[in-house]
Amino acid sequence: GRPLQTTPLYDTFLAQGAVMGDSWGMETPLWFAPPGEKAEDIVSFHRSNDFEPIKAECRAVREAVGVTEIANFAKYEITGAGAEAWLLQVMTNTMPKQGRLMLTPMLNHQGKIIGDFTVAKAAEQRYMMWGSSQAQVYHMRWFEQTLPTDGTVRIAPYGMKLIGLSIAGPKSRELLQRLTDDDVSNEVFKFMDYREMEVATVKAQVNRVTYTGDLGYEIWVAPEYQRRLYESIQAAGADLGLKNFGMRALLCLRLEKNFGTWYREFRPIYTPLESGMERAMKFDHEFIGRAAVEAEMKTGPARKLVMFRVDVDKDKPADVLGDEPVFHNGEVVGWITSGGYAHYSGVSLALGYIPAALAAEGTTGFEIEIIGNMRPAHLQLEPVLDPSGSRMRA
C-alpha cells in the first residue's frame, strides 16, 4: 500500500538517497545512503548497513548543521476568548507569554500521561500546539470531550496544511540568518521563543527548539512552500557543512539528552512522576488529573524512567530496540522502552522503567538481555552530552 501519504519533498529525498519509512501512513526519511550506495535497509537485529551513514548524519548535526523534515507531527490552532482557560484545564503546565513556547504533558483523570505537547502563544486568544501525529485522532476526541459548550474555544487540527523542516547544530543560527531579514541573534531570538517571520521569502512559523538537544529551529510552512524553503536551506548551507539527517539519527541524538518519546517513554500506563515530567507541571491552576498526581506525590512513584549505558558485545555488537527485560542481581525488575547507539558520544544507551528504590546514583548490578545475551548496564542519570543544556541555549 505504500506510498500512501507524501510531502512535496518525497521525490527530492529519494533522489538524494533517502531510505524511507512508514510513519503512520506518511513516508518519512529514515536515513540517507551515501552517493553510489543502494538506498535500502539490510535488516538485522545487530548493527546493519545504516550504522555508518547515521553516524555521519549525527556528527554533522553536532559539529556543523543538519536539516530534517518535520511533517510527521500533529499541529493544532486553539483560538477564542476561553482558549487559555481551557488549555490550563487540560494541560499541567502554565501557558507561555506571547512569543514564547512551553512543554507540557496532558493527563487523564487517573493522572496517567495521555499526551505531551509544545504550546506557543502566537497572539492574544490564539495558540499553536504540536504533538504526536499517531495520537492526533485520539487527542481530538479528548479535546472535543473537554471543550466548553459555549463556543468560546475553537480547536483546528492542521494536518498536512502545515509542514516544515528543522535545522539543528552549532551553525544553524548562521544558516537561518542568511535566509531572513529578521534578527535571530541569541539576545533577540531566545531559546523557547516563537516567531512568525519570512524565511527564504516564505511566511513561516519558527520555533527555537529541536529534539536533537542542540541549537536549532523548527520552521513550519504551508506545503506549497516546502520545496522553496528546502532548496533555499540547501543553497545557503552548502559552505557550512549542511547535511540531511533522518528519523533514525534524530532518535539517536535525543538519547544523548535523555529525551523520551511518545508511545515509548510516555504513554497512558505511566504517570508524570514516574517519567520525570515534574518540571512541566505547575500547581497554580486546576488541571485534569491533578488530584491523582497529588496523591502519588505523598507516597512517591513506584517506578522511575532511567537511562542506562550498556556494555555491548564486541564480537556481535547489538543495541536495544525496546521491550527488553532489565535484570538487577539476577532478577527481572523492569523493562526497556527504547534505545540505540549514541554515535557522537560513542556509547550504547537504553531508556527504561525500574523500581524507584533502585533509581539512585551508585546502584549497581544491572543487566539487560539483548538477543538472549546478558549485557552489563550502568545507570546514566545525567545526559551523556551537555547535561547543563548549554548547547540548546547558545
# chains A, B, ... in the order shown; residues from 1 in each chain; ligands from 1
call {"tool": "residues_around", "arguments": {"residues": "Val61 in chain A", "least_positions_apart": "4", "cutoff": "10 Å", "atoms": "only C-alpha atoms", "output": "JSON, numbers by chain"}}
result
{"A": [56, 57, 65, 66, 67, 167, 168, 169, 170, 171, 172, 212, 214, 215, 216, 241, 242, 243, 244, 245, 249, 250, 253, 344]}
call {"tool": "residues_around", "arguments": {"residues": "Lys257 in chain A", "least_positions_apart": "4", "cutoff": "9 Å", "atoms": "only C-alpha atoms", "output": "PyMOL selection string"}}
result
chain A and resi 212-213+253+382-387+389
call {"tool": "closest_residue", "arguments": {"among": "A:Glu124, A:Asp323, A:Glu84, A:Glu27", "to": "His285 in chain A", "atoms": "only C-alpha atoms"}}
result
A:Glu84
call {"tool": "closest_atom_pairs", "arguments": {"of": "range 106-177 of chain A", "to": "range 263-275 of chain A", "cutoff": "8 Å", "atoms": "only C-alpha atoms", "output": "Markdown table"}}
result
| residue | atom | partner | partner_atom | distance |
| --- | --- | --- | --- | --- |
| A:Gly111 | CA | A:Thr271 | CA | 6.2 |
| A:Lys112 | CA | A:Thr271 | CA | 4.5 |
| A:Ile113 | CA | A:Pro268 | CA | 4.8 |
| A:Ile114 | CA | A:Pro268 | CA | 5.1 |
| A:Gly115 | CA | A:Arg267 | CA | 7.2 |
| A:Asp116 | CA | A:Phe266 | CA | 7.8 |
call {"tool": "residues_around", "arguments": {"residues": "Phe308 in chain A", "least_positions_apart": "2", "cutoff": "8 Å", "atoms": "only C-alpha atoms", "output": "number ranges by chain"}}
result
A: 306, 310, 349-352, 377-381
